[in-house]
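Okay, final_29.cif is below, mmCIF, C-alpha atoms and all ligand atoms:
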```
data_target
loop_
_atom_site.group_PDB
_atom_site.id
_atom_site.type_symbol
_atom_site.label_atom_id
_atom_site.label_comp_id
_atom_site.auth_asym_id
_atom_site.auth_seq_id
_atom_site.Cartn_x
_atom_site.Cartn_y
_atom_site.Cartn_z
ATOM 1 C CA GLN A 224 -10.163 5.776 -12.180
ATOM 2 C CA ARG A 225 -7.138 3.511 -12.142
ATOM 3 C CA ARG A 226 -8.105 -0.158 -11.836
ATOM 4 C CA VAL A 227 -5.597 -1.873 -9.563
ATOM 5 C CA ILE A 228 -4.813 -5.244 -8.054
ATOM 6 C CA LEU A 229 -3.044 -4.852 -4.718
ATOM 7 C CA ASP A 230 -0.620 -7.781 -4.394
ATOM 8 C CA CYS A 231 0.667 -7.611 -0.843
ATOM 9 C CA ASP A 232 2.029 -9.209 2.319
ATOM 10 C CA PRO A 233 0.372 -7.194 5.124
ATOM 11 C CA GLY A 234 2.430 -5.981 6.858
ATOM 12 C CA HIS A 235 1.952 -2.610 8.541
ATOM 13 C CA ASP A 236 2.759 -0.459 5.529
ATOM 14 C CA ASP A 237 0.862 -2.787 3.162
ATOM 15 C CA ALA A 238 -2.210 -2.232 5.348
ATOM 16 C CA ILE A 239 -1.781 1.551 5.127
ATOM 17 C CA SER A 240 -1.446 1.250 1.378
ATOM 18 C CA MET A 241 -4.803 -0.582 1.231
ATOM 19 C CA ILE A 242 -6.364 2.087 3.439
ATOM 20 C CA LEU A 243 -5.117 4.879 1.167
ATOM 21 C CA ALA A 244 -6.293 3.118 -1.994
ATOM 22 C CA HIS A 245 -9.770 2.421 -0.648
ATOM 23 C CA ALA A 246 -10.235 6.019 0.484
ATOM 24 C CA ASN A 247 -9.491 7.657 -2.858
ATOM 25 C CA ASP A 248 -11.910 7.882 -5.792
ATOM 26 C CA LYS A 249 -9.094 7.839 -8.312
ATOM 27 C CA ILE A 250 -8.404 4.205 -7.453
ATOM 28 C CA LYS A 251 -10.638 1.224 -8.057
ATOM 29 C CA ILE A 252 -9.394 -1.853 -6.227
ATOM 30 C CA GLU A 253 -10.271 -4.912 -8.322
ATOM 31 C CA ALA A 254 -8.814 -7.493 -5.941
ATOM 32 C CA VAL A 255 -6.362 -7.998 -3.124
ATOM 33 C CA THR A 256 -3.924 -10.861 -3.611
ATOM 34 C CA THR A 257 -1.498 -12.106 -0.991
ATOM 35 C CA VAL A 258 1.987 -13.501 -0.968
ATOM 36 C CA ALA A 259 4.433 -14.821 1.607
ATOM 37 C CA GLY A 260 6.830 -12.085 2.664
ATOM 38 C CA ASN A 261 6.657 -10.313 5.988
ATOM 39 C CA VAL A 262 5.106 -13.532 7.333
ATOM 40 C CA GLU A 263 3.799 -16.782 5.815
ATOM 41 C CA VAL A 264 0.993 -16.507 3.285
ATOM 42 C CA ASP A 265 -1.738 -17.903 5.543
ATOM 43 C CA LYS A 266 -0.987 -15.028 7.923
ATOM 44 C CA THR A 267 -0.720 -12.322 5.243
ATOM 45 C CA THR A 268 -4.064 -13.534 3.874
ATOM 46 C CA LEU A 269 -5.676 -13.402 7.290
ATOM 47 C CA ASN A 270 -4.287 -9.887 7.724
ATOM 48 C CA ALA A 271 -5.535 -8.710 4.328
ATOM 49 C CA ARG A 272 -9.009 -9.951 5.276
ATOM 50 C CA ARG A 273 -8.751 -8.229 8.665
ATOM 51 C CA VAL A 274 -7.871 -4.928 7.017
ATOM 52 C CA CYS A 275 -10.820 -5.349 4.616
ATOM 53 C CA ASP A 276 -13.085 -5.826 7.647
ATOM 54 C CA ILE A 277 -11.737 -2.759 9.410
ATOM 55 C CA ILE A 278 -12.031 -0.425 6.408
ATOM 56 C CA GLY A 279 -15.158 -1.926 4.812
ATOM 57 C CA LEU A 280 -13.401 -2.993 1.629
ATOM 58 C CA ASP A 281 -15.475 -5.532 -0.281
ATOM 59 C CA VAL A 282 -13.399 -7.034 -3.092
ATOM 60 C CA PRO A 283 -12.121 -10.555 -3.809
ATOM 61 C CA VAL A 284 -9.186 -11.545 -1.597
ATOM 62 C CA ALA A 285 -7.147 -14.394 -3.071
ATOM 63 C CA GLN A 286 -4.310 -16.238 -1.397
ATOM 64 C CA GLY A 287 -1.142 -16.638 -3.421
ATOM 65 C CA SER A 288 2.287 -18.179 -3.302
ATOM 66 C CA ASN A 289 3.636 -19.451 -0.032
ATOM 67 C CA ARG A 290 7.222 -19.650 -1.167
ATOM 68 C CA PRO A 291 9.538 -17.960 -3.609
ATOM 69 C CA MET A 292 9.959 -19.418 -7.115
ATOM 70 C CA VAL A 293 13.363 -20.961 -6.437
ATOM 71 C CA ARG A 294 14.522 -20.312 -2.888
ATOM 72 C CA GLU A 295 13.201 -21.194 0.548
ATOM 73 C CA THR A 296 10.652 -19.001 2.356
ATOM 74 C CA GLN A 297 12.110 -16.115 4.389
ATOM 75 C CA ILE A 298 10.079 -13.846 6.656
ATOM 76 C CA ALA A 299 10.514 -10.493 8.453
ATOM 77 C CA GLU A 300 9.035 -11.154 11.902
ATOM 78 C CA SER A 301 11.543 -8.825 13.539
ATOM 79 C CA ILE A 302 9.841 -5.895 11.818
ATOM 80 C CA HIS A 303 6.175 -6.883 11.696
ATOM 81 C CA GLY A 304 5.802 -9.221 14.715
ATOM 82 C CA ASP A 305 4.469 -12.747 14.925
ATOM 83 C CA SER A 306 1.102 -12.002 13.282
ATOM 84 C CA GLY A 307 2.659 -9.792 10.605
ATOM 85 C CA LEU A 308 0.437 -6.970 11.839
ATOM 86 C CA ASP A 309 1.300 -6.727 15.539
ATOM 87 C CA GLY A 310 0.130 -3.717 17.517
ATOM 88 C CA PRO A 311 -3.617 -3.141 17.143
ATOM 89 C CA ASN A 312 -6.321 -5.502 18.332
ATOM 90 C CA LEU A 313 -7.300 -7.533 15.306
ATOM 91 C CA PRO A 314 -10.457 -9.546 14.650
ATOM 92 C CA ASP A 315 -9.484 -13.203 15.202
ATOM 93 C CA VAL A 316 -11.724 -14.531 12.498
ATOM 94 C CA PRO A 317 -12.431 -11.896 9.862
ATOM 95 C CA ASN A 318 -15.805 -11.705 8.100
ATOM 96 C CA THR A 319 -14.207 -11.001 4.736
ATOM 97 C CA PRO A 320 -13.949 -14.336 2.930
ATOM 98 C CA VAL A 321 -11.061 -15.610 0.896
ATOM 99 C CA VAL A 322 -11.962 -16.750 -2.623
ATOM 100 C CA GLU A 323 -11.087 -20.268 -3.682
ATOM 101 C CA GLN A 324 -9.078 -19.214 -6.713
ATOM 102 C CA HIS A 325 -5.309 -18.953 -6.331
ATOM 103 C CA ALA A 326 -3.977 -15.381 -6.519
ATOM 104 C CA VAL A 327 -1.941 -16.191 -9.624
ATOM 105 C CA ASP A 328 -5.060 -17.379 -11.465
ATOM 106 C CA LEU A 329 -7.090 -14.409 -10.299
ATOM 107 C CA ILE A 330 -4.438 -12.023 -11.614
ATOM 108 C CA ILE A 331 -4.390 -13.848 -14.957
ATOM 109 C CA GLU A 332 -8.184 -13.871 -15.203
ATOM 110 C CA LYS A 333 -8.587 -10.174 -14.361
ATOM 111 C CA VAL A 334 -5.843 -9.018 -16.713
ATOM 112 C CA MET A 335 -7.033 -11.218 -19.600
ATOM 113 C CA ALA A 336 -10.611 -9.981 -19.194
ATOM 114 C CA SER A 337 -9.486 -6.312 -19.146
ATOM 115 C CA ASP A 338 -8.952 -3.799 -21.933
ATOM 116 C CA GLY A 339 -5.330 -3.416 -20.908
ATOM 117 C CA ASP A 340 -6.301 -1.051 -18.126
ATOM 118 C CA ILE A 341 -5.248 -2.984 -15.036
ATOM 119 C CA THR A 342 -2.286 -1.806 -12.989
ATOM 120 C CA LEU A 343 -0.568 -4.248 -10.659
ATOM 121 C CA VAL A 344 0.605 -2.835 -7.343
ATOM 122 C CA PRO A 345 2.968 -5.320 -5.676
ATOM 123 C CA THR A 346 4.133 -4.366 -2.190
ATOM 124 C CA GLY A 347 5.649 -7.698 -1.223
ATOM 125 C CA PRO A 348 7.945 -10.186 -2.962
ATOM 126 C CA LEU A 349 7.174 -10.439 -6.687
ATOM 127 C CA THR A 350 6.406 -14.180 -6.684
ATOM 128 C CA ASN A 351 2.729 -13.991 -7.710
ATOM 129 C CA ILE A 352 3.362 -11.494 -10.490
ATOM 130 C CA ALA A 353 6.229 -13.494 -11.969
ATOM 131 C CA MET A 354 4.313 -16.768 -11.643
ATOM 132 C CA ALA A 355 1.341 -15.226 -13.455
ATOM 133 C CA MET A 356 3.648 -14.035 -16.271
ATOM 134 C CA VAL A 357 5.216 -17.463 -16.566
ATOM 135 C CA LYS A 358 1.913 -19.326 -16.437
ATOM 136 C CA GLU A 359 0.130 -17.049 -18.930
ATOM 137 C CA PRO A 360 2.564 -14.946 -20.979
ATOM 138 C CA LYS A 361 -0.394 -13.365 -22.818
ATOM 139 C CA ILE A 362 -1.008 -11.160 -19.783
ATOM 140 C CA VAL A 363 2.322 -9.370 -20.211
ATOM 141 C CA PRO A 364 1.343 -6.914 -22.987
ATOM 142 C CA LYS A 365 -2.048 -6.373 -21.337
ATOM 143 C CA ILE A 366 -0.754 -5.094 -17.990
ATOM 144 C CA GLN A 367 -1.014 -1.300 -18.031
ATOM 145 C CA GLU A 368 1.778 -0.717 -15.516
ATOM 146 C CA ILE A 369 3.429 -2.282 -12.481
ATOM 147 C CA VAL A 370 3.813 0.165 -9.605
ATOM 148 C CA LEU A 371 5.886 -1.609 -7.000
ATOM 149 C CA MET A 372 7.704 -1.195 -3.708
ATOM 150 C CA GLY A 373 11.092 -2.869 -3.781
ATOM 151 C CA GLY A 374 14.819 -2.439 -4.137
ATOM 152 C CA GLY A 375 16.785 0.791 -4.167
ATOM 153 C CA THR A 376 20.413 1.825 -4.443
ATOM 154 C CA PHE A 377 21.100 0.302 -1.005
ATOM 155 C CA GLY A 378 19.684 -2.532 1.075
ATOM 156 C CA ASN A 379 17.837 -3.133 4.333
ATOM 157 C CA TRP A 380 18.089 -6.923 4.486
ATOM 158 C CA THR A 381 21.635 -7.197 3.256
ATOM 159 C CA PRO A 382 23.864 -4.204 2.524
ATOM 160 C CA ALA A 383 22.923 -4.627 -1.137
ATOM 161 C CA ALA A 384 19.344 -5.866 -1.102
ATOM 162 C CA GLU A 385 15.948 -4.654 -0.002
ATOM 163 C CA PHE A 386 13.673 -7.268 1.609
ATOM 164 C CA ASN A 387 10.952 -7.669 -1.069
ATOM 165 C CA ILE A 388 13.460 -8.186 -3.863
ATOM 166 C CA TRP A 389 15.846 -10.267 -1.752
ATOM 167 C CA VAL A 390 13.090 -12.751 -0.791
ATOM 168 C CA ASP A 391 12.486 -13.665 -4.432
ATOM 169 C CA ALA A 392 15.069 -12.139 -6.735
ATOM 170 C CA GLU A 393 14.334 -14.722 -9.435
ATOM 171 C CA ALA A 394 10.736 -13.478 -9.534
ATOM 172 C CA ALA A 395 11.956 -9.878 -9.606
ATOM 173 C CA LYS A 396 14.162 -10.726 -12.582
ATOM 174 C CA VAL A 397 11.180 -12.086 -14.499
ATOM 175 C CA VAL A 398 9.160 -8.959 -13.755
ATOM 176 C CA TYR A 399 11.933 -6.426 -14.496
ATOM 177 C CA GLU A 400 12.740 -8.140 -17.779
ATOM 178 C CA SER A 401 9.096 -8.486 -18.849
ATOM 179 C CA GLY A 402 8.867 -5.214 -20.757
ATOM 180 C CA VAL A 403 5.858 -4.025 -18.740
ATOM 181 C CA PRO A 404 6.293 -0.355 -17.708
ATOM 182 C CA ILE A 405 7.473 -0.315 -14.085
ATOM 183 C CA ALA A 406 7.332 2.515 -11.563
ATOM 184 C CA MET A 407 9.681 1.602 -8.736
ATOM 185 C CA PHE A 408 9.482 2.862 -5.162
ATOM 186 C CA GLY A 409 12.662 1.673 -3.490
ATOM 187 C CA LEU A 410 14.306 2.550 -0.214
ATOM 188 C CA ASP A 411 15.819 5.783 -1.624
ATOM 189 C CA VAL A 412 12.359 7.316 -1.644
ATOM 190 C CA THR A 413 10.440 5.219 0.902
ATOM 191 C CA HIS A 414 12.876 6.138 3.671
ATOM 192 C CA GLU A 415 11.741 9.715 3.049
ATOM 193 C CA ALA A 416 8.223 8.625 3.999
ATOM 194 C CA GLN A 417 8.989 8.234 7.708
ATOM 195 C CA ALA A 418 6.121 8.627 10.117
ATOM 196 C CA THR A 419 7.469 10.456 13.178
ATOM 197 C CA ASP A 420 5.766 11.115 16.524
ATOM 198 C CA GLU A 421 4.441 14.312 15.000
ATOM 199 C CA THR A 422 2.842 12.392 12.124
ATOM 200 C CA ILE A 423 1.322 9.891 14.521
ATOM 201 C CA ASP A 424 -0.166 12.732 16.603
ATOM 202 C CA ARG A 425 -1.598 14.285 13.451
ATOM 203 C CA PHE A 426 -3.282 10.995 12.545
ATOM 204 C CA ALA A 427 -4.493 10.465 16.122
ATOM 205 C CA ALA A 428 -6.269 13.836 15.997
ATOM 206 C CA ILE A 429 -8.392 12.585 13.077
ATOM 207 C CA ASP A 430 -9.955 10.308 15.652
ATOM 208 C CA ASN A 431 -11.968 7.666 13.837
ATOM 209 C CA PRO A 432 -11.643 3.844 14.011
ATOM 210 C CA VAL A 433 -9.417 3.641 10.911
ATOM 211 C CA SER A 434 -7.092 6.463 11.961
ATOM 212 C CA GLU A 435 -6.863 4.850 15.396
ATOM 213 C CA PHE A 436 -5.963 1.519 13.728
ATOM 214 C CA VAL A 437 -3.233 3.278 11.716
ATOM 215 C CA VAL A 438 -1.905 4.986 14.831
ATOM 216 C CA GLU A 439 -1.578 1.619 16.587
ATOM 217 C CA LEU A 440 0.094 0.095 13.552
ATOM 218 C CA LEU A 441 2.560 2.976 13.396
ATOM 219 C CA ARG A 442 3.381 2.878 17.105
ATOM 220 C CA PHE A 443 4.445 -0.764 16.762
ATOM 221 C CA PHE A 444 6.210 -0.242 13.431
ATOM 222 C CA LYS A 445 8.092 2.764 14.772
ATOM 223 C CA LYS A 446 9.272 0.735 17.762
ATOM 224 C CA THR A 447 10.687 -2.089 15.626
ATOM 225 C CA TYR A 448 12.314 0.377 13.209
ATOM 226 C CA LYS A 449 14.019 1.989 16.193
ATOM 227 C CA GLU A 450 15.171 -1.380 17.552
ATOM 228 C CA VAL A 451 16.338 -2.864 14.268
ATOM 229 C CA PHE A 452 17.570 0.168 12.299
ATOM 230 C CA GLY A 453 17.843 2.965 14.892
ATOM 231 C CA PHE A 454 15.365 5.125 12.959
ATOM 232 C CA ASP A 455 13.244 7.784 14.656
ATOM 233 C CA GLY A 456 10.329 7.218 12.296
ATOM 234 C CA ALA A 457 8.532 4.321 10.620
ATOM 235 C CA PRO A 458 8.866 4.352 6.830
ATOM 236 C CA ILE A 459 5.482 3.751 5.241
ATOM 237 C CA HIS A 460 7.229 2.191 2.243
ATOM 238 C CA ASP A 461 4.293 0.532 0.521
ATOM 239 C CA ALA A 462 1.919 3.486 0.561
ATOM 240 C CA CYS A 463 4.239 5.362 -1.818
ATOM 241 C CA THR A 464 2.946 3.174 -4.658
ATOM 242 C CA VAL A 465 -0.685 4.139 -4.184
ATOM 243 C CA ALA A 466 0.210 7.770 -3.448
ATOM 244 C CA TYR A 467 1.956 7.887 -6.837
ATOM 245 C CA LEU A 468 -1.103 6.517 -8.625
ATOM 246 C CA ILE A 469 -3.281 9.134 -6.977
ATOM 247 C CA ASP A 470 -0.910 12.083 -7.452
ATOM 248 C CA PRO A 471 2.312 11.454 -9.408
ATOM 249 C CA SER A 472 3.385 15.054 -8.755
ATOM 250 C CA ILE A 473 4.290 14.011 -5.191
ATOM 251 C CA PHE A 474 7.342 12.190 -6.540
ATOM 252 C CA ASP A 475 10.438 13.024 -8.487
ATOM 253 C CA THR A 476 11.205 10.153 -10.893
ATOM 254 C CA VAL A 477 13.873 9.384 -13.452
ATOM 255 C CA ASP A 478 13.811 6.821 -16.286
ATOM 256 C CA VAL A 479 16.592 4.306 -15.780
ATOM 257 C CA ARG A 480 17.691 0.771 -16.493
ATOM 258 C CA VAL A 481 17.364 -1.555 -13.509
ATOM 259 C CA ASP A 482 18.605 -5.145 -13.508
ATOM 260 C CA ILE A 483 18.303 -7.716 -10.750
ATOM 261 C CA GLU A 484 21.292 -9.552 -9.323
ATOM 262 C CA THR A 485 20.473 -13.238 -8.835
ATOM 263 C CA LYS A 486 23.944 -14.733 -8.597
ATOM 264 C CA GLY A 487 26.094 -12.447 -6.446
ATOM 265 C CA GLU A 488 28.069 -13.684 -3.460
ATOM 266 C CA PHE A 489 27.287 -10.523 -1.473
ATOM 267 C CA ALA A 490 24.691 -8.898 -3.668
ATOM 268 C CA TYR A 491 21.904 -11.453 -4.238
ATOM 269 C CA GLY A 492 18.679 -9.490 -4.692
ATOM 270 C CA MET A 493 20.363 -6.183 -5.459
ATOM 271 C CA THR A 494 18.548 -3.870 -7.860
ATOM 272 C CA CYS A 495 21.312 -2.454 -10.064
ATOM 273 C CA VAL A 496 20.006 1.042 -10.756
ATOM 274 C CA ASP A 497 21.904 2.604 -13.648
ATOM 275 C CA LEU A 498 21.532 6.216 -12.524
ATOM 276 C CA LEU A 499 24.459 7.454 -14.612
ATOM 277 C CA ALA A 500 23.421 5.471 -17.692
ATOM 278 C CA VAL A 501 26.752 3.643 -17.826
ATOM 279 C CA THR A 502 25.109 0.811 -19.749
ATOM 280 C CA ASP A 503 23.461 1.760 -22.995
ATOM 281 C CA ARG A 504 20.495 -0.448 -22.236
ATOM 282 C CA GLU A 505 16.992 0.941 -22.674
ATOM 283 C CA PRO A 506 15.417 2.261 -19.451
ATOM 284 C CA ASN A 507 12.826 -0.182 -18.093
ATOM 285 C CA VAL A 508 11.869 1.643 -14.904
ATOM 286 C CA LYS A 509 10.584 4.974 -13.623
ATOM 287 C CA PHE A 510 12.709 5.214 -10.509
ATOM 288 C CA ALA A 511 11.420 7.424 -7.696
ATOM 289 C CA ARG A 512 14.126 9.471 -5.987
ATOM 290 C CA ASP A 513 12.315 11.980 -3.833
ATOM 291 C CA LEU A 514 8.934 12.956 -2.468
ATOM 292 C CA ASN A 515 7.146 16.112 -1.434
ATOM 293 C CA GLN A 516 6.601 15.733 2.331
ATOM 294 C CA GLU A 517 3.711 18.138 2.591
ATOM 295 C CA LYS A 518 1.752 16.557 -0.252
ATOM 296 C CA PHE A 519 2.472 12.984 0.881
ATOM 297 C CA TRP A 520 1.365 13.420 4.482
ATOM 298 C CA GLY A 521 -1.533 15.610 3.382
ATOM 299 C CA LEU A 522 -2.767 12.852 1.091
ATOM 300 C CA LEU A 523 -2.615 10.295 3.897
ATOM 301 C CA SER A 524 -4.376 12.574 6.394
ATOM 302 C CA ASP A 525 -7.123 13.358 3.897
ATOM 303 C CA ALA A 526 -7.546 9.632 3.239
ATOM 304 C CA LEU A 527 -7.885 8.814 6.928
ATOM 305 C CA ALA A 528 -10.394 11.623 7.399
ATOM 306 C CA THR A 529 -12.719 10.000 4.846
ATOM 307 C CA TYR A 530 -13.345 7.090 7.198
ATOM 308 C CA SER A 531 -15.849 7.496 9.983
HETATM 309 C C1 LIG A 601 9.307 -3.776 2.472
HETATM 310 O O1 LIG A 601 9.430 -4.957 3.258
HETATM 311 C C2 LIG A 601 8.355 -5.070 4.145
HETATM 312 O O2 LIG A 601 8.832 -5.208 5.454
HETATM 313 C C3 LIG A 601 7.499 -3.841 3.992
HETATM 314 O O3 LIG A 601 6.125 -4.200 4.043
HETATM 315 C C4 LIG A 601 7.891 -3.290 2.653
HETATM 316 O O4 LIG A 601 7.085 -3.816 1.626
HETATM 317 C C5 LIG A 601 10.380 -2.799 2.881
HETATM 318 O O5 LIG A 601 11.647 -3.333 2.657
HETATM 319 CA CA CA A 602 5.073 -5.114 2.095
#
```

Mind converting the file's structure to structure tokens?
Amino acid sequence: QRRVILDCDPGHDDAISMILAHANDKIKIEAVTTVAGNVEVDKTTLNARRVCDIIGLDVPVAQGSNRPMVRETQIAESIHGDSGLDGPNLPDVPNTPVVEQHAVDLIIEKVMASDGDITLVPTGPLTNIAMAMVKEPKIVPKIQEIVLMGGGTFGNWTPAAEFNIWVDAEAAKVVYESGVPIAMFGLDVTHEAQATDETIDRFAAIDNPVSEFVVELLRFFKKTYKEVFGFDGAPIHDACTVAYLIDPSIFDTVDVRVDIETKGEFAYGMTCVDLLAVTDREPNVKFARDLNQEKFWGLLSDALATYS
């Protein structure tokens, strides 16, 4: 079993990532920590708790950073709606509590108490992870791996930058330069994970409360992706991270050097992916380039079918 901390900003695809992780025996969720990203952190925390309620996930949920390390808060309401999880009916007041500890301290505590076997799975801006590394540098050599959604060789928030990295590029720089092994699921691969009408019908046929929740999430997400980007499907970006931890053979990866642009006039938040090895810097990232459609959607369907 891989012990993971899901650090997220739910978020439609963050929610699906939680659902996939909770359904699979290969993953042991140690905690869910939240960060400002798709919406403000009080909303992402509420949403994380709501998802825990819906899927029966009983782990500590800790609220984290409400703003990036250096810049002002930026959110993605146009994609995820006012609540951050628009579409399905959500419990107003979730039963799942939020722990008192700050997410950054919970991450530090869990990693320090581990035998170096905790993997961090960030699917929002990297603020909490970077803050934890800055606050307690002793965690850095103890983190087994960071499996993250962010970046890519093109952008979705600016032509150069993907949203999660663009929100807090200074945090991303800290994380990418930390020396912790990173597996990176950027837009190059996550745009391959597009849920189409056919996918949604397949999930609807599973017909249980969790699959129904996912169907409603995807209907909304697909609509905003059509409006904003003209896509015919909704990319389930964040779930690629968990899918990789369950079955790495789904993805084609390459070891590359990736550096984060924090100063550019047009390219703030760009992940500079050295695919042709034009620098002679050591690779710091396993960069995912492609996925096996059949295996990916099969994994998600199987996960949904485990709920009743
Ligand atoms: C990323 O940004 C958010 O909108 C999604 O949840 C995903 O983590 C995609 O750019
Ligand atoms: Ca996210």

Selected residue, from A:Asn312, A:Gln224, A:Asn261, A:Ser306, that lies nearest to Glu439 (chain A) when counting all atoms listed in the file: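 Closest to Glu439 (chain A), using all atoms listed in the file: A:Asn312.
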
Would you kindly return, as a PyMOL selection string, each protein, DNA or RNA residue with an atom no farther than 9 Å from any atom of region 415-418 of chain A, considering only C-alpha atoms and excluding same-chain residues fewer than 4 positions away? chain A and resi 410-411+422-423+441+445+454-460+462-463+513-514+516+519-520

Could you take the residues named above and write them with C-alpha atoms, as an mmCIF file, keeping the file's coordinate frame?
```cif
data_model
loop_
_atom_site.group_PDB
_atom_site.id
_atom_site.type_symbol
_atom_site.label_atom_id
_atom_site.label_comp_id
_atom_site.auth_asym_id
_atom_site.auth_seq_id
_atom_site.Cartn_x
_atom_site.Cartn_y
_atom_site.Cartn_z
ATOM 1 C CA LEU A 410 14.306 2.550 -0.214
ATOM 2 C CA ASP A 411 15.819 5.783 -1.624
ATOM 3 C CA THR A 422 2.842 12.392 12.124
ATOM 4 C CA ILE A 423 1.322 9.891 14.521
ATOM 5 C CA LEU A 441 2.560 2.976 13.396
ATOM 6 C CA LYS A 445 8.092 2.764 14.772
ATOM 7 C CA PHE A 454 15.365 5.125 12.959
ATOM 8 C CA ASP A 455 13.244 7.784 14.656
ATOM 9 C CA GLY A 456 10.329 7.218 12.296
ATOM 10 C CA ALA A 457 8.532 4.321 10.620
ATOM 11 C CA PRO A 458 8.866 4.352 6.830
ATOM 12 C CA ILE A 459 5.482 3.751 5.241
ATOM 13 C CA HIS A 460 7.229 2.191 2.243
ATOM 14 C CA ALA A 462 1.919 3.486 0.561
ATOM 15 C CA CYS A 463 4.239 5.362 -1.818
ATOM 16 C CA ASP A 513 12.315 11.980 -3.833
ATOM 17 C CA LEU A 514 8.934 12.956 -2.468
ATOM 18 C CA GLN A 516 6.601 15.733 2.331
ATOM 19 C CA PHE A 519 2.472 12.984 0.881
ATOM 20 C CA TRP A 520 1.365 13.420 4.482
#
```

Determine the residue set returned by the PyMOL selection byres (((chain A and resi 247-255) around 9) and not hetatm) for the present structure, and present it as a ChimeraX atom specification. /A:224-231,241-246,256-257,271,280-286,326,329-330,333,341,465,468-469,526,529

Only C-alpha atoms, please: the residues just picked out, written as a PDB file, in the coordinates of the input.
```pdb
ATOM      1  CA  GLN A 224     -10.163   5.776 -12.180  1.00  0.00           C
ATOM      2  CA  ARG A 225      -7.138   3.511 -12.142  1.00  0.00           C
ATOM      3  CA  ARG A 226      -8.105  -0.158 -11.836  1.00  0.00           C
ATOM      4  CA  VAL A 227      -5.597  -1.873  -9.563  1.00  0.00           C
ATOM      5  CA  ILE A 228      -4.813  -5.244  -8.054  1.00  0.00           C
ATOM      6  CA  LEU A 229      -3.044  -4.852  -4.718  1.00  0.00           C
ATOM      7  CA  ASP A 230      -0.620  -7.781  -4.394  1.00  0.00           C
ATOM      8  CA  CYS A 231       0.667  -7.611  -0.843  1.00  0.00           C
ATOM      9  CA  MET A 241      -4.803  -0.582   1.231  1.00  0.00           C
ATOM     10  CA  ILE A 242      -6.364   2.087   3.439  1.00  0.00           C
ATOM     11  CA  LEU A 243      -5.117   4.879   1.167  1.00  0.00           C
ATOM     12  CA  ALA A 244      -6.293   3.118  -1.994  1.00  0.00           C
ATOM     13  CA  HIS A 245      -9.770   2.421  -0.648  1.00  0.00           C
ATOM     14  CA  ALA A 246     -10.235   6.019   0.484  1.00  0.00           C
ATOM     15  CA  THR A 256      -3.924 -10.861  -3.611  1.00  0.00           C
ATOM     16  CA  THR A 257      -1.498 -12.106  -0.991  1.00  0.00           C
ATOM     17  CA  ALA A 271      -5.535  -8.710   4.328  1.00  0.00           C
ATOM     18  CA  LEU A 280     -13.401  -2.993   1.629  1.00  0.00           C
ATOM     19  CA  ASP A 281     -15.475  -5.532  -0.281  1.00  0.00           C
ATOM     20  CA  VAL A 282     -13.399  -7.034  -3.092  1.00  0.00           C
ATOM     21  CA  PRO A 283     -12.121 -10.555  -3.809  1.00  0.00           C
ATOM     22  CA  VAL A 284      -9.186 -11.545  -1.597  1.00  0.00           C
ATOM     23  CA  ALA A 285      -7.147 -14.394  -3.071  1.00  0.00           C
ATOM     24  CA  GLN A 286      -4.310 -16.238  -1.397  1.00  0.00           C
ATOM     25  CA  ALA A 326      -3.977 -15.381  -6.519  1.00  0.00           C
ATOM     26  CA  LEU A 329      -7.090 -14.409 -10.299  1.00  0.00           C
ATOM     27  CA  ILE A 330      -4.438 -12.023 -11.614  1.00  0.00           C
ATOM     28  CA  LYS A 333      -8.587 -10.174 -14.361  1.00  0.00           C
ATOM     29  CA  ILE A 341      -5.248  -2.984 -15.036  1.00  0.00           C
ATOM     30  CA  VAL A 465      -0.685   4.139  -4.184  1.00  0.00           C
ATOM     31  CA  LEU A 468      -1.103   6.517  -8.625  1.00  0.00           C
ATOM     32  CA  ILE A 469      -3.281   9.134  -6.977  1.00  0.00           C
ATOM     33  CA  ALA A 526      -7.546   9.632   3.239  1.00  0.00           C
ATOM     34  CA  THR A 529     -12.719  10.000   4.846  1.00  0.00           C
TER      35      THR A 529
END
```

Name every residue that the PyMOL selection byres (((not hetatm)) within 6 of (chain A and resi 602)) selects in this structure, writing the answer as a count of residues only with chains first and numbers rising. 8

Every residue with an atom at most 12 Å from (-7.9, 8.4, 13.7) (file coordinates; all atoms listed in the file) is what I'm after, so could you write them as a ChimeraX atom specification? /A:422-441,523-531

Around ligand LIG 601 (chain A), with edges along x, y and z and 3 Å added on all six sides, what centre and edge lengths do you get, in Å to one decimal, as JSON?
```
{"center_x": 8.9, "center_y": -4.0, "center_z": 3.5, "size_x": 11.5, "size_y": 8.4, "size_z": 9.8}
```

Protein and nucleic residues near ligand LIG 601 (chain A), 10 Å, all atoms listed in the file, as a VMD selection string: chain A and resid 231 to 240 260 to 262 298 to 303 307 345 to 348 371 to 375 378 to 380 384 to 390 408 to 410 413 to 414 444 458 to 462

Which residue, A:Asp478, A:Cys495, A:Ala395, A:Lys449, has the smallest gap to Phe377 (chain A) when you use only C-alpha atoms?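 Of all the options, A:Cys495 lies closest to Phe377 (chain A).
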
So that I can check the surroundings of Lys509 (chain A), please list as a list in words every protein, DNA and RNA residue that reaches within 10 Å of it, counting all atoms listed in the file and ignoring chain neighbours fewer than 2 positions away.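 Skipping anything fewer than 2 positions along the chain leaves Val370, Pro404, Ile405, Ala406, Met407, Phe408, Asp475, Thr476, Val477, Asp478, Val479, Arg480, Val481, Pro506, Asn507, Ala511 and Arg512 of chain A.
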
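Shortest atom-to-atom contact with Pro314 (chain A) among A:Asp340, A:Glu517, A:Asp276, A:Glu263: A:Asp276, counting all atoms listed in the file.
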
Which residue, A:Glu421, A:Glu400, A:Asp315, A:Asp391, has the smallest gap to Met356 (chain A) when you use only C-alpha atoms? A:Glu400

Using only C-alpha atoms: which of A:Pro320, A:Asp470, A:Asp482, A:Val403 has the shortest distance to Leu498 (chain A): A:Asp482
